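K.L.:
Handing you this structure, nothing more for now.
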Amino acid sequence: MGAMRSARILVFTRTTGYRHDSIPHGVDAFRALGDEHGLTVTATEDPAALAAALTEGDCRAVVFLSTSGDVLTPESREALRSYVTGGGAFVGVHAAATTEYDWPWYGELLGARFDRHPALQPGVAVVEDRDHPATAHLGPIWPFTDEWYDFRSSPRDRVRVLVSADEASYEGGGMGEDHPLVWCHENTGGRSFYTALGHTAESYADPVFRRHLLGGLVWAARLPVPS
C-alpha cells in the first residue's frame, strides 16, 4: 500500500452541457476511496488548475467525472494530450462521453462518443472480462440501474471491452447485440479506462460500484491492486 500513498489523483468535473446531480456524490466517492487506499484526491472545475496539475509531474491519474460539453481551453487540451501521450492515466466516468465533441483526439482517448440514452431504469450488464481490477469482483451478470448509454458506434475493434449491456433486460436500447459499456485501452500512449455507468447518486454509495471505479483507477494509474 505504500506505493499508493504518494499517488495524486485529480478529479475534473466541469460541465457546460447537462450537469448531473450525482457529481458531488461521485467526488465524495473518489475522496473516500482515496482515504481508504492512501491516495491524495483533489477535485476541480478549473481548466487552468487541470493543466497545472497535469504538467507538474506528480499526477498519477486524471478522472473526468460526468463532464459535459466543451470544458477545456487550448492550454488544458494540450496539457491533457501531452500527459496521456507521455504515459499518463485517464479515467472517464458516465457523461465524460458527452464531452469535447469537436476535438477528435478526445474521442480517441475515450474510445466512443455518446449518442443517446433511454429512460433511467434497471437492467442487466454482462461482464465479458473478469481478468481486470474493475471487474474481478463481479459475477457474470451485474444488475444495475442507469441510463444505459448508446454510443455512435461500438468501440470493440479498438478497445478491450470489459462490460456490455443486455438490451433485452431494459427498454429502449439502440445498439443491438454489440453494446459495450465499460472498456479500457492504451491507444493514445497512456492507459484509458471508461465506464458508462454512474448516473445516479445512489450508485456512488454502492460498494460494488465503488470497487469498480477503484479497479479502473488503479489499472489506469498502474497502482497496486488492493486486496
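Following the order of the C-alpha cells, first chain is A, next is B, and so on, with residues numbered from 1 inside each chain and ligands from 1 in the order they appear.
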Write out as number ranges by chain each polymer residue whose atoms come within 7 Å of region 165-181 of chain A, counting only C-alpha atoms; drop sequence neighbours fewer than 5 positions from it.

P.N.:
A: 118, 122-126, 150, 154, 195-196

K.L.:
Which residues are close to region 216-225 of chain A, i.e. within 7 Å by only C-alpha atoms, leaving aside same-chain residues fewer than 5 positions away? Reply as JSON, numbers by chain.

P.N.:
{"A": [4, 60, 61, 89, 90, 91, 133, 134, 191, 192, 193]}

K.L.:
Taking into account only C-alpha atoms, which residue in the set A:Ala136, A:Leu65, A:Leu80, A:Leu110 is nearest to Ser22 (chain A)?

P.N.:
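Using only C-alpha atoms, the shortest distance to Ser22 (chain A) belongs to A:Leu65.
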
K.L.:
Tell me, in Å to one decimal, how far CA of Asp102 (chain A) is from CA of Thr16 (chain A).

P.N.:
13.7 Å

K.L.:
Using only C-alpha atoms, which of A:Leu10, A:Asn187, A:Asp28, A:Ile23 sits nearest Val62 (chain A)?

P.N.:
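Nearest candidate to Val62 (chain A) out of A:Leu10, A:Asn187, A:Asp28, A:Ile23: A:Leu10.
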
K.L.:
Excluding Ala52 (chain A) and its own-chain neighbours fewer than 5 positions away, which residues fall within 12 Å of it when counting only C-alpha atoms? Please give them as an NGL selection string.

P.N.:
:A and (10 or 44 or 46-47 or 57-59 or 75-80 or 83)

K.L.:
Using only C-alpha atoms, determine which residues lie at most 7 Å from Thr15 (chain A), disregarding the query and same-chain residues fewer than 3 positions distant; provide the list as a PyMOL selection string.

P.N.:
chain A and resi 18-19+67-69+71

K.L.:
Limited to all heavy atoms, could you put the picked residues into a file as a PDB file, in the first residue's frame?

P.N.:
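So again.pdb came out as:
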```pdb
ATOM      1  N   TYR A  18     -25.311  19.379 -19.979  1.00  0.00           N
ATOM      2  CA  TYR A  18     -26.110  18.841 -18.874  1.00  0.00           C
ATOM      3  C   TYR A  18     -25.220  18.591 -17.655  1.00  0.00           C
ATOM      4  O   TYR A  18     -24.111  18.082 -17.792  1.00  0.00           O
ATOM      5  CB  TYR A  18     -26.779  17.523 -19.296  1.00  0.00           C
ATOM      6  CG  TYR A  18     -27.654  16.926 -18.217  1.00  0.00           C
ATOM      7  CD1 TYR A  18     -28.948  17.382 -18.024  1.00  0.00           C
ATOM      8  CD2 TYR A  18     -27.165  15.930 -17.378  1.00  0.00           C
ATOM      9  CE1 TYR A  18     -29.749  16.850 -17.026  1.00  0.00           C
ATOM     10  CE2 TYR A  18     -27.962  15.387 -16.367  1.00  0.00           C
ATOM     11  CZ  TYR A  18     -29.248  15.855 -16.199  1.00  0.00           C
ATOM     12  OH  TYR A  18     -30.034  15.336 -15.210  1.00  0.00           O
ATOM     13  N   ARG A  19     -25.729  18.967 -16.488  1.00  0.00           N
ATOM     14  CA  ARG A  19     -24.965  18.740 -15.258  1.00  0.00           C
ATOM     15  C   ARG A  19     -25.674  17.710 -14.390  1.00  0.00           C
ATOM     16  O   ARG A  19     -26.826  17.884 -14.005  1.00  0.00           O
ATOM     17  CB  ARG A  19     -24.780  20.030 -14.468  1.00  0.00           C
ATOM     18  CG  ARG A  19     -23.856  19.828 -13.265  1.00  0.00           C
ATOM     19  CD  ARG A  19     -23.435  21.130 -12.627  1.00  0.00           C
ATOM     20  NE  ARG A  19     -22.477  20.889 -11.546  1.00  0.00           N
ATOM     21  CZ  ARG A  19     -21.165  20.776 -11.695  1.00  0.00           C
ATOM     22  NH1 ARG A  19     -20.628  20.881 -12.892  1.00  0.00           N
ATOM     23  NH2 ARG A  19     -20.369  20.553 -10.665  1.00  0.00           N
ATOM     24  N   THR A  67     -18.224  15.053 -16.845  1.00  0.00           N
ATOM     25  CA  THR A  67     -18.044  16.303 -17.567  1.00  0.00           C
ATOM     26  C   THR A  67     -19.008  16.333 -18.759  1.00  0.00           C
ATOM     27  O   THR A  67     -19.486  15.288 -19.203  1.00  0.00           O
ATOM     28  CB  THR A  67     -16.605  16.407 -18.070  1.00  0.00           C
ATOM     29  OG1 THR A  67     -16.270  15.184 -18.756  1.00  0.00           O
ATOM     30  CG2 THR A  67     -15.623  16.617 -16.922  1.00  0.00           C
ATOM     31  N   SER A  68     -19.285  17.526 -19.266  1.00  0.00           N
ATOM     32  CA  SER A  68     -20.167  17.612 -20.440  1.00  0.00           C
ATOM     33  C   SER A  68     -19.870  18.882 -21.215  1.00  0.00           C
ATOM     34  O   SER A  68     -19.494  19.906 -20.649  1.00  0.00           O
ATOM     35  CB  SER A  68     -21.642  17.598 -20.023  1.00  0.00           C
ATOM     36  OG  SER A  68     -21.981  18.773 -19.319  1.00  0.00           O
ATOM     37  N   GLY A  69     -20.040  18.804 -22.527  1.00  0.00           N
ATOM     38  CA  GLY A  69     -19.816  19.959 -23.378  1.00  0.00           C
ATOM     39  C   GLY A  69     -18.341  20.267 -23.547  1.00  0.00           C
ATOM     40  O   GLY A  69     -17.464  19.439 -23.312  1.00  0.00           O
ATOM     41  N   VAL A  71     -15.261  21.733 -22.228  1.00  0.00           N
ATOM     42  CA  VAL A  71     -14.816  22.050 -20.866  1.00  0.00           C
ATOM     43  C   VAL A  71     -13.345  22.446 -20.801  1.00  0.00           C
ATOM     44  O   VAL A  71     -12.858  22.832 -19.740  1.00  0.00           O
ATOM     45  CB  VAL A  71     -15.064  20.854 -19.928  1.00  0.00           C
ATOM     46  CG1 VAL A  71     -16.553  20.584 -19.799  1.00  0.00           C
ATOM     47  CG2 VAL A  71     -14.328  19.600 -20.400  1.00  0.00           C
TER      48      VAL A  71
END
```

K.L.:
Would you return as a list in words the members of region 18-116 of chain A that DSSP assigns to strand (DSSP E or B) on this structure's backbone?

P.N.:
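Of region 18-116 of chain A, the ones in strand (DSSP E or B) are Thr40, Val41, Thr42, Ala43, Thr44, Cys59, Arg60, Ala61, Val62, Val63, Phe64, Leu65, Ser68, Gly69, Ala89, Phe90, Val91, Gly92, Val93, Thr99, Phe114, Asp115 and Arg116 of chain A.
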
K.L.:
From region 59-145 of chain A, collect each residue whose DSSP state is alpha helix (DSSP H) and return the set as a PyMOL selection string.

P.N.:
chain A and resi 74-85+104-110

K.L.:
Take CA of Ala51 (chain A) and CA of Gly92 (chain A) and report the distance between them in Å, one decimal.

P.N.:
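So the answer is 16.9 Å.
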